[in-house]
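Colleague: The file below is work-v1.csv, CSV, C-alpha atoms:
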```
chain,number,residue,atom,x,y,z
A,1,MET,CA,-8.8,-21.2,32.7
A,2,ARG,CA,-5.3,-22.7,32.5
A,3,THR,CA,-2.2,-20.5,32.6
A,4,SER,CA,0.7,-21.1,30.2
A,5,ASN,CA,2.7,-22.9,32.9
A,6,GLU,CA,-0.1,-25.5,33.3
A,7,LEU,CA,-0.2,-26.3,29.5
A,8,PRO,CA,1.5,-29.5,28.4
A,9,PRO,CA,5.0,-28.9,27.1
A,10,GLN,CA,4.0,-29.8,23.5
A,11,ASN,CA,1.3,-27.0,23.5
A,12,ARG,CA,3.6,-24.5,25.1
A,13,GLY,CA,6.2,-25.2,22.4
A,14,LEU,CA,3.6,-24.8,19.6
A,15,THR,CA,2.4,-21.5,21.1
A,16,ALA,CA,5.9,-20.1,21.2
A,17,ILE,CA,6.5,-21.2,17.6
A,18,SER,CA,3.3,-19.6,16.5
A,19,GLY,CA,4.3,-16.4,18.2
A,20,ALA,CA,7.7,-16.4,16.6
A,21,MET,CA,6.2,-17.2,13.2
A,22,SER,CA,3.8,-14.3,13.5
A,23,LEU,CA,6.6,-11.9,14.3
A,24,ILE,CA,8.7,-13.1,11.3
A,25,ALA,CA,5.6,-12.7,9.1
A,26,ILE,CA,5.1,-9.1,10.3
A,27,LEU,CA,8.9,-8.3,9.7
A,28,LEU,CA,8.6,-9.9,6.3
A,29,ILE,CA,5.7,-7.7,5.3
A,30,VAL,CA,7.6,-4.6,6.4
A,31,GLN,CA,10.6,-5.8,4.4
A,32,ILE,CA,8.5,-6.3,1.3
A,33,TRP,CA,7.1,-2.7,1.7
A,34,LEU,CA,10.6,-1.4,2.3
A,35,LEU,CA,12.0,-3.0,-0.8
A,36,SER,CA,9.2,-1.7,-3.1
A,37,ALA,CA,9.5,1.8,-1.6
A,38,THR,CA,13.3,1.8,-2.0
A,39,LEU,CA,13.0,0.6,-5.6
A,40,GLU,CA,10.4,3.3,-6.3
A,41,SER,CA,12.7,5.9,-4.8
A,42,PHE,CA,15.7,4.6,-6.7
A,43,LEU,CA,13.8,4.7,-10.0
A,44,SER,CA,12.7,8.3,-9.3
A,45,GLY,CA,16.4,9.3,-9.2
A,46,ASN,CA,16.7,9.5,-5.4
A,47,ARG,CA,19.7,7.4,-4.5
A,48,HIS,CA,20.2,8.5,-0.8
A,49,THR,CA,17.6,6.1,0.6
A,50,ALA,CA,19.4,2.9,-0.5
A,51,LEU,CA,21.9,2.7,2.4
A,52,PRO,CA,19.5,3.2,5.3
A,53,ALA,CA,17.0,0.9,3.7
A,54,ALA,CA,19.6,-1.8,3.2
A,55,ILE,CA,20.7,-1.5,6.9
A,56,PHE,CA,17.1,-1.6,8.1
A,57,SER,CA,16.3,-4.6,5.9
A,58,GLY,CA,19.5,-6.4,7.2
A,59,VAL,CA,18.5,-5.8,10.8
A,60,MET,CA,15.1,-7.2,10.1
A,61,PHE,CA,16.6,-10.3,8.4
A,62,LEU,CA,18.9,-10.9,11.4
A,63,ILE,CA,15.9,-10.6,13.8
A,64,SER,CA,14.0,-13.1,11.6
A,65,LEU,CA,17.1,-15.4,11.7
A,66,GLY,CA,17.3,-15.2,15.5
A,67,LEU,CA,13.6,-16.0,15.7
A,68,TYR,CA,14.2,-19.0,13.4
A,69,ALA,CA,17.0,-20.2,15.7
A,70,PHE,CA,14.5,-19.9,18.6
A,71,VAL,CA,11.9,-21.9,16.7
A,72,ASP,CA,14.5,-24.5,16.0
A,73,ARG,CA,15.5,-24.7,19.6
A,74,VAL,CA,11.9,-25.0,20.8
A,75,ASP,CA,11.2,-27.5,18.1
A,76,SER,CA,14.1,-29.8,19.1
A,77,GLY,CA,13.2,-29.4,22.8
A,78,GLY,CA,9.4,-30.1,22.3
A,79,ARG,CA,9.8,-33.1,20.0
A,80,GLY,CA,9.1,-36.6,21.2
A,81,SER,CA,6.7,-35.6,23.9
A,82,GLY,CA,3.6,-36.1,21.6
A,83,ASN,CA,1.4,-39.1,21.1
A,84,SER,CA,2.3,-42.0,18.8
A,85,VAL,CA,-0.1,-43.1,16.1
B,1,MET,CA,23.3,-26.8,6.0
B,2,ASN,CA,23.5,-28.8,9.3
B,3,TRP,CA,23.1,-25.6,11.3
B,4,LEU,CA,19.5,-25.5,9.9
B,5,ARG,CA,18.8,-28.9,11.3
B,6,ARG,CA,20.2,-28.6,14.8
B,7,GLY,CA,19.2,-31.0,17.5
B,8,SER,CA,18.5,-34.1,15.5
B,9,ASN,CA,20.7,-37.0,14.4
B,10,GLU,CA,18.0,-38.6,12.4
B,11,PRO,CA,18.0,-38.5,8.6
B,12,LEU,CA,16.0,-35.7,7.1
B,13,TRP,CA,13.2,-37.9,5.7
B,14,LYS,CA,12.6,-39.4,9.2
B,15,GLU,CA,12.5,-36.0,10.7
B,16,GLU,CA,10.1,-34.6,8.1
B,17,PHE,CA,7.8,-37.6,8.1
B,18,SER,CA,7.6,-38.3,11.8
B,19,VAL,CA,5.6,-41.3,13.1
B,20,ARG,CA,4.3,-39.1,15.9
B,21,THR,CA,1.2,-37.2,14.9
B,22,ALA,CA,1.9,-34.3,17.2
B,23,ASP,CA,5.3,-33.8,15.7
B,24,GLU,CA,3.8,-33.2,12.3
B,25,ARG,CA,2.5,-29.9,13.5
B,26,TYR,CA,6.0,-28.9,14.4
B,27,VAL,CA,7.3,-29.9,10.9
B,28,THR,CA,4.8,-27.8,9.0
B,29,ARG,CA,5.4,-24.8,11.2
B,30,ARG,CA,9.2,-25.1,11.1
B,31,GLN,CA,9.1,-25.5,7.4
B,32,LEU,CA,7.0,-22.4,7.0
B,33,THR,CA,9.3,-20.4,9.3
B,34,LYS,CA,12.3,-21.5,7.2
B,35,PHE,CA,10.5,-20.4,4.1
B,36,LEU,CA,9.6,-17.0,5.6
B,37,VAL,CA,13.2,-16.5,6.8
B,38,LEU,CA,14.6,-17.3,3.3
B,39,THR,CA,12.1,-14.9,1.8
B,40,SER,CA,13.3,-12.3,4.3
B,41,LEU,CA,16.9,-13.0,3.0
B,42,GLY,CA,15.6,-12.4,-0.5
B,43,MET,CA,14.2,-9.0,0.4
B,44,PHE,CA,17.6,-8.1,2.1
B,45,VAL,CA,19.5,-9.2,-1.0
B,46,GLY,CA,17.1,-7.0,-3.1
B,47,ASN,CA,17.9,-4.0,-0.9
B,48,ILE,CA,21.7,-4.7,-1.2
B,49,TRP,CA,21.3,-4.9,-5.0
B,50,ILE,CA,19.6,-1.5,-5.1
B,51,LEU,CA,22.4,-0.2,-2.8
B,52,VAL,CA,25.1,-1.5,-5.2
B,53,ARG,CA,23.3,0.0,-8.2
B,54,SER,CA,23.2,3.3,-6.3
B,55,ILE,CA,26.9,3.2,-5.5
B,56,LEU,CA,27.9,2.3,-9.1
B,57,TYR,CA,25.5,4.8,-10.7
B,58,LYS,CA,27.2,7.3,-13.0
B,59,ALA,CA,25.3,10.2,-14.4
B,60,PRO,CA,24.7,9.5,-18.1
B,61,ILE,CA,26.1,11.8,-20.8
B,62,TYR,CA,23.4,12.7,-23.2
B,63,PRO,CA,24.0,13.5,-26.9
B,64,GLN,CA,22.7,16.6,-28.5
B,65,GLN,CA,20.3,15.6,-31.1
B,66,PRO,CA,18.1,17.7,-33.5
B,67,VAL,CA,14.6,16.3,-33.2
B,68,ALA,CA,12.5,18.8,-35.3
B,69,GLN,CA,12.5,22.0,-37.2
B,70,LEU,CA,10.9,25.0,-35.5
B,71,GLY,CA,7.4,25.4,-36.8
B,72,GLU,CA,7.4,21.9,-38.2
B,73,ILE,CA,4.4,20.8,-36.2
B,74,PRO,CA,1.2,23.0,-35.7
B,75,VAL,CA,0.1,24.3,-32.3
B,76,GLY,CA,-1.5,21.3,-30.5
B,77,GLY,CA,0.4,18.9,-32.8
B,78,VAL,CA,2.6,16.0,-31.9
B,79,LYS,CA,5.8,14.5,-33.1
B,80,LEU,CA,7.3,11.2,-32.1
B,81,PHE,CA,11.1,10.7,-32.0
B,82,SER,CA,13.7,8.6,-30.2
B,83,TYR,CA,16.2,9.9,-27.7
B,84,PRO,CA,18.8,9.3,-26.4
B,85,THR,CA,18.8,5.8,-28.0
B,86,LYS,CA,16.7,4.4,-30.7
B,87,GLU,CA,14.8,2.3,-28.1
B,88,ASP,CA,13.8,5.3,-26.0
B,89,HIS,CA,10.7,6.6,-27.7
B,90,CYS,CA,9.6,10.2,-26.9
B,91,ILE,CA,6.7,12.4,-27.6
B,92,MET,CA,6.9,16.2,-28.4
B,93,ILE,CA,3.9,18.5,-28.2
B,94,ARG,CA,3.7,22.0,-29.4
B,95,THR,CA,1.7,23.7,-26.7
B,96,GLY,CA,1.9,27.3,-27.9
B,97,GLU,CA,3.3,29.5,-30.6
B,98,ASP,CA,6.8,29.2,-29.1
B,99,GLU,CA,6.3,26.5,-26.6
B,100,TYR,CA,7.3,22.9,-26.9
B,101,VAL,CA,7.3,20.1,-24.3
B,102,SER,CA,8.7,16.7,-24.7
B,103,TYR,CA,8.5,13.6,-22.5
B,104,SER,CA,9.5,9.9,-22.6
B,105,GLN,CA,6.6,8.0,-24.2
B,106,LYS,CA,7.1,5.1,-21.8
B,107,CYS,CA,4.5,5.1,-19.0
B,108,THR,CA,6.1,4.9,-15.6
B,109,HIS,CA,3.6,2.2,-14.5
B,110,LEU,CA,4.1,-0.7,-17.0
B,111,SER,CA,5.9,1.0,-19.9
B,112,CYS,CA,2.9,1.3,-22.3
B,113,ALA,CA,3.2,4.1,-24.8
B,114,VAL,CA,1.4,7.3,-23.7
B,115,TYR,CA,-0.4,9.5,-26.3
B,116,TYR,CA,-1.5,13.1,-26.3
B,117,SER,CA,-5.2,13.8,-25.7
B,118,GLN,CA,-5.8,17.2,-27.2
B,119,ALA,CA,-9.4,17.3,-25.9
B,120,GLU,CA,-8.3,16.8,-22.3
B,121,ASP,CA,-4.9,18.5,-22.8
B,122,ARG,CA,-3.0,15.7,-21.0
B,123,LEU,CA,-0.9,12.6,-21.8
B,124,GLU,CA,-2.8,9.4,-21.4
B,125,CYS,CA,-1.8,5.8,-21.0
B,126,PRO,CA,-4.4,3.5,-22.6
B,127,CYS,CA,-3.4,0.4,-20.7
B,128,HIS,CA,-4.5,1.4,-17.2
B,129,ASN,CA,-5.8,4.9,-17.6
B,130,GLY,CA,-2.8,6.7,-16.2
B,131,PHE,CA,-2.9,10.4,-16.9
B,132,PHE,CA,0.0,12.8,-16.9
B,133,SER,CA,0.1,16.6,-16.9
B,134,ILE,CA,1.3,18.2,-20.1
B,135,LYS,CA,3.0,21.0,-18.1
B,136,ASP,CA,5.5,19.0,-16.1
B,137,GLY,CA,4.7,15.3,-16.7
B,138,ALA,CA,3.3,14.8,-13.2
B,139,VAL,CA,0.8,12.0,-12.5
B,140,LEU,CA,-2.8,13.3,-12.6
B,141,GLN,CA,-4.5,10.0,-12.1
B,142,GLY,CA,-4.1,6.3,-12.2
B,143,PRO,CA,-1.6,3.7,-11.1
B,144,PRO,CA,1.7,5.4,-12.1
B,145,SER,CA,3.5,6.7,-9.1
B,146,ARG,CA,6.3,8.6,-10.8
B,147,PRO,CA,6.2,11.5,-13.4
B,148,LEU,CA,7.2,11.0,-17.0
B,149,PRO,CA,10.9,11.7,-17.6
B,150,ARG,CA,11.2,15.1,-19.4
B,151,ILE,CA,13.3,15.7,-22.5
B,152,VAL,CA,15.0,19.1,-22.2
B,153,LEU,CA,14.8,20.9,-25.6
B,154,GLU,CA,16.7,23.8,-26.8
B,155,ALA,CA,16.0,26.0,-29.9
B,156,ARG,CA,19.1,26.6,-31.9
B,157,GLY,CA,19.5,27.7,-35.5
B,158,GLY,CA,15.8,27.0,-36.4
B,159,GLN,CA,16.0,23.6,-34.9
B,160,LEU,CA,14.8,22.0,-31.7
B,161,ILE,CA,17.6,20.0,-30.1
B,162,ALA,CA,17.2,17.5,-27.4
B,163,ILE,CA,20.0,17.9,-24.9
B,164,GLU,CA,19.1,16.0,-21.7
B,165,VAL,CA,16.6,13.6,-20.0
B,166,LYS,CA,15.4,14.7,-16.6
B,167,GLY,CA,13.7,12.5,-14.0
```
For the structure just supplied, provide its representation as structure tokens.

Modeller:
Amino acid sequence: MRTSNELPPQNRGLTAISGAMSLIAILLIVQIWLLSATLESFLSGNRHTALPAAIFSGVMFLISLGLYAFVDRVDSGGRGSGNSV
Amino acid sequence: MNWLRRGSNEPLWKEEFSVRTADERYVTRRQLTKFLVLTSLGMFVGNIWILVRSILYKAPIYPQQPVAQLGEIPVGGVKLFSYPTKEDHCIMIRTGEDEYVSYSQKCTHLSCAVYYSQAEDRLECPCHNGFFSIKDGAVLQGPPSRPLPRIVLEARGGQLIAIEVKG
């Protein structure tokens, strides 16, 4: 069995991108739940949950943005090492 | 939007439709990641919108409006009226000799009109079988997650007067 260091650079890049993508997807699911819960709470007349929910959602968006920057970096680093048609 | 396309001097079409087969996998993954991050931004904007609405919220001032005469409807009877505006339909039920309850007629699930089921003694939404308690408007069953807004009634001078909406 090969370790990650023994994998070709192209495959390592794709694994990193898949990992980052999965994390972003998980964060997005939490954000969707958070938005629906906050809206439900707001419509019930509870207006104190809006601020912490907005902060939490913003933090998750920033993490997603950071992960996208990582994906972009890996992408530009890994490009060009694949096979031509 | 160049910050989204860092690390490449090639035109976008060349980058997106690479001649290298292995690079195509990168393109689809990166595009999906971009889409996910933009959706994440949308969720954040949604939360900000709720926050702004919360900050700008002002408690409404409700009018005092006569909605029925005392004894106008029999025990177990129902009267429909509009309060506080003509678009806000409400339902009033006489539950006892001197007891009246009134709720918004709009189901909190998808806004269908609820009706009073005398046999079951509850308010029912015919669209998705959401049931509400006649005592306090709480959800008994079904998809609605919030109770029905209650119309506060006051008996004054032989009349029932709606004075406030709660919830």

Colleague: What's around range 53-65 of chain A at 10 Å? Count all atoms listed in the file, leave out sequence neighbours fewer than 3 positions away in its own chain, and write the answer as an MDAnalysis selection string.

Modeller: (chainID A and resid 20:21 23:28 30:32 34:35 37:38 48:50 68:71) or (chainID B and resid 33:34 36:51)

Colleague: Mind writing the picked residues with C-alpha atoms as a PDB file, in the coordinates of the input?

Modeller:
```
ATOM      1  CA  ALA A  20       7.700 -16.400  16.600  1.00  0.00           C
ATOM      2  CA  MET A  21       6.200 -17.200  13.200  1.00  0.00           C
ATOM      3  CA  LEU A  23       6.600 -11.900  14.300  1.00  0.00           C
ATOM      4  CA  ILE A  24       8.700 -13.100  11.300  1.00  0.00           C
ATOM      5  CA  ALA A  25       5.600 -12.700   9.100  1.00  0.00           C
ATOM      6  CA  ILE A  26       5.100  -9.100  10.300  1.00  0.00           C
ATOM      7  CA  LEU A  27       8.900  -8.300   9.700  1.00  0.00           C
ATOM      8  CA  LEU A  28       8.600  -9.900   6.300  1.00  0.00           C
ATOM      9  CA  VAL A  30       7.600  -4.600   6.400  1.00  0.00           C
ATOM     10  CA  GLN A  31      10.600  -5.800   4.400  1.00  0.00           C
ATOM     11  CA  ILE A  32       8.500  -6.300   1.300  1.00  0.00           C
ATOM     12  CA  LEU A  34      10.600  -1.400   2.300  1.00  0.00           C
ATOM     13  CA  LEU A  35      12.000  -3.000  -0.800  1.00  0.00           C
ATOM     14  CA  ALA A  37       9.500   1.800  -1.600  1.00  0.00           C
ATOM     15  CA  THR A  38      13.300   1.800  -2.000  1.00  0.00           C
ATOM     16  CA  HIS A  48      20.200   8.500  -0.800  1.00  0.00           C
ATOM     17  CA  THR A  49      17.600   6.100   0.600  1.00  0.00           C
ATOM     18  CA  ALA A  50      19.400   2.900  -0.500  1.00  0.00           C
ATOM     19  CA  TYR A  68      14.200 -19.000  13.400  1.00  0.00           C
ATOM     20  CA  ALA A  69      17.000 -20.200  15.700  1.00  0.00           C
ATOM     21  CA  PHE A  70      14.500 -19.900  18.600  1.00  0.00           C
ATOM     22  CA  VAL A  71      11.900 -21.900  16.700  1.00  0.00           C
TER      23      VAL A  71
ATOM     24  CA  THR B  33       9.300 -20.400   9.300  1.00  0.00           C
ATOM     25  CA  LYS B  34      12.300 -21.500   7.200  1.00  0.00           C
ATOM     26  CA  LEU B  36       9.600 -17.000   5.600  1.00  0.00           C
ATOM     27  CA  VAL B  37      13.200 -16.500   6.800  1.00  0.00           C
ATOM     28  CA  LEU B  38      14.600 -17.300   3.300  1.00  0.00           C
ATOM     29  CA  THR B  39      12.100 -14.900   1.800  1.00  0.00           C
ATOM     30  CA  SER B  40      13.300 -12.300   4.300  1.00  0.00           C
ATOM     31  CA  LEU B  41      16.900 -13.000   3.000  1.00  0.00           C
ATOM     32  CA  GLY B  42      15.600 -12.400  -0.500  1.00  0.00           C
ATOM     33  CA  MET B  43      14.200  -9.000   0.400  1.00  0.00           C
ATOM     34  CA  PHE B  44      17.600  -8.100   2.100  1.00  0.00           C
ATOM     35  CA  VAL B  45      19.500  -9.200  -1.000  1.00  0.00           C
ATOM     36  CA  GLY B  46      17.100  -7.000  -3.100  1.00  0.00           C
ATOM     37  CA  ASN B  47      17.900  -4.000  -0.900  1.00  0.00           C
ATOM     38  CA  ILE B  48      21.700  -4.700  -1.200  1.00  0.00           C
ATOM     39  CA  TRP B  49      21.300  -4.900  -5.000  1.00  0.00           C
ATOM     40  CA  ILE B  50      19.600  -1.500  -5.100  1.00  0.00           C
ATOM     41  CA  LEU B  51      22.400  -0.200  -2.800  1.00  0.00           C
TER      42      LEU B  51
END
```

Colleague: Can you pull out the residues contacting range 120-124 of chain B? Cut-off 10 Å, using all atoms listed in the file, and skip same-chain residues under 5 positions away; I want them as an mmCIF file with C-alpha atoms, in the frame of the given file.

Modeller:
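New file out.cif:
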```cif
data_model
loop_
_atom_site.group_PDB
_atom_site.id
_atom_site.type_symbol
_atom_site.label_atom_id
_atom_site.label_comp_id
_atom_site.auth_asym_id
_atom_site.auth_seq_id
_atom_site.Cartn_x
_atom_site.Cartn_y
_atom_site.Cartn_z
ATOM 1 C CA GLY B 76 -1.500 21.300 -30.500
ATOM 2 C CA ILE B 91 6.700 12.400 -27.600
ATOM 3 C CA ILE B 93 3.900 18.500 -28.200
ATOM 4 C CA THR B 95 1.700 23.700 -26.700
ATOM 5 C CA TYR B 103 8.500 13.600 -22.500
ATOM 6 C CA GLN B 105 6.600 8.000 -24.200
ATOM 7 C CA CYS B 107 4.500 5.100 -19.000
ATOM 8 C CA CYS B 112 2.900 1.300 -22.300
ATOM 9 C CA ALA B 113 3.200 4.100 -24.800
ATOM 10 C CA VAL B 114 1.400 7.300 -23.700
ATOM 11 C CA TYR B 115 -0.400 9.500 -26.300
ATOM 12 C CA ASN B 129 -5.800 4.900 -17.600
ATOM 13 C CA GLY B 130 -2.800 6.700 -16.200
ATOM 14 C CA PHE B 131 -2.900 10.400 -16.900
ATOM 15 C CA PHE B 132 0.000 12.800 -16.900
ATOM 16 C CA SER B 133 0.100 16.600 -16.900
ATOM 17 C CA ILE B 134 1.300 18.200 -20.100
ATOM 18 C CA LYS B 135 3.000 21.000 -18.100
ATOM 19 C CA GLY B 137 4.700 15.300 -16.700
ATOM 20 C CA ALA B 138 3.300 14.800 -13.200
ATOM 21 C CA VAL B 139 0.800 12.000 -12.500
ATOM 22 C CA LEU B 140 -2.800 13.300 -12.600
ATOM 23 C CA GLN B 141 -4.500 10.000 -12.100
ATOM 24 C CA GLY B 142 -4.100 6.300 -12.200
ATOM 25 C CA LEU B 148 7.200 11.000 -17.000
#
```

Colleague: Determine the nearest neighbour of Leu39 in chain A from the options B:Ile61, B:Tyr100, B:Lys79, B:Arg53, counting all atoms listed in the file.

Modeller: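 Answer, going by the shortest atom-to-atom distance: B:Arg53.
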
Colleague: For Pro126 in chain B, which of B:Arg150, B:Lys106, B:Lys166, B:Arg156 is the closest residue, counting all atoms listed in the file?

Modeller: B:Lys106

Colleague: Could you tell me how far CA of Arg12 in chain A lies from CA of Val74 in chain A, in Å and to one decimal?

Modeller: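 One can read the CA of Arg12 in chain A to CA of Val74 in chain A distance as 9.4 Å.
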
Colleague: Quick one: of A:Ser41, A:Ser76, A:Ser36, A:Asn46, who's nearest to chain B, counting all atoms listed in the file?

Modeller: A:Ser76

Colleague: Show which residues sit within 10 Å of Ile163 in chain B, as a ChimeraX atom specification. Count all atoms listed in the file, and ignore same-chain residues fewer than 5 positions away.

Modeller: /B:61-66,83-84,151-154
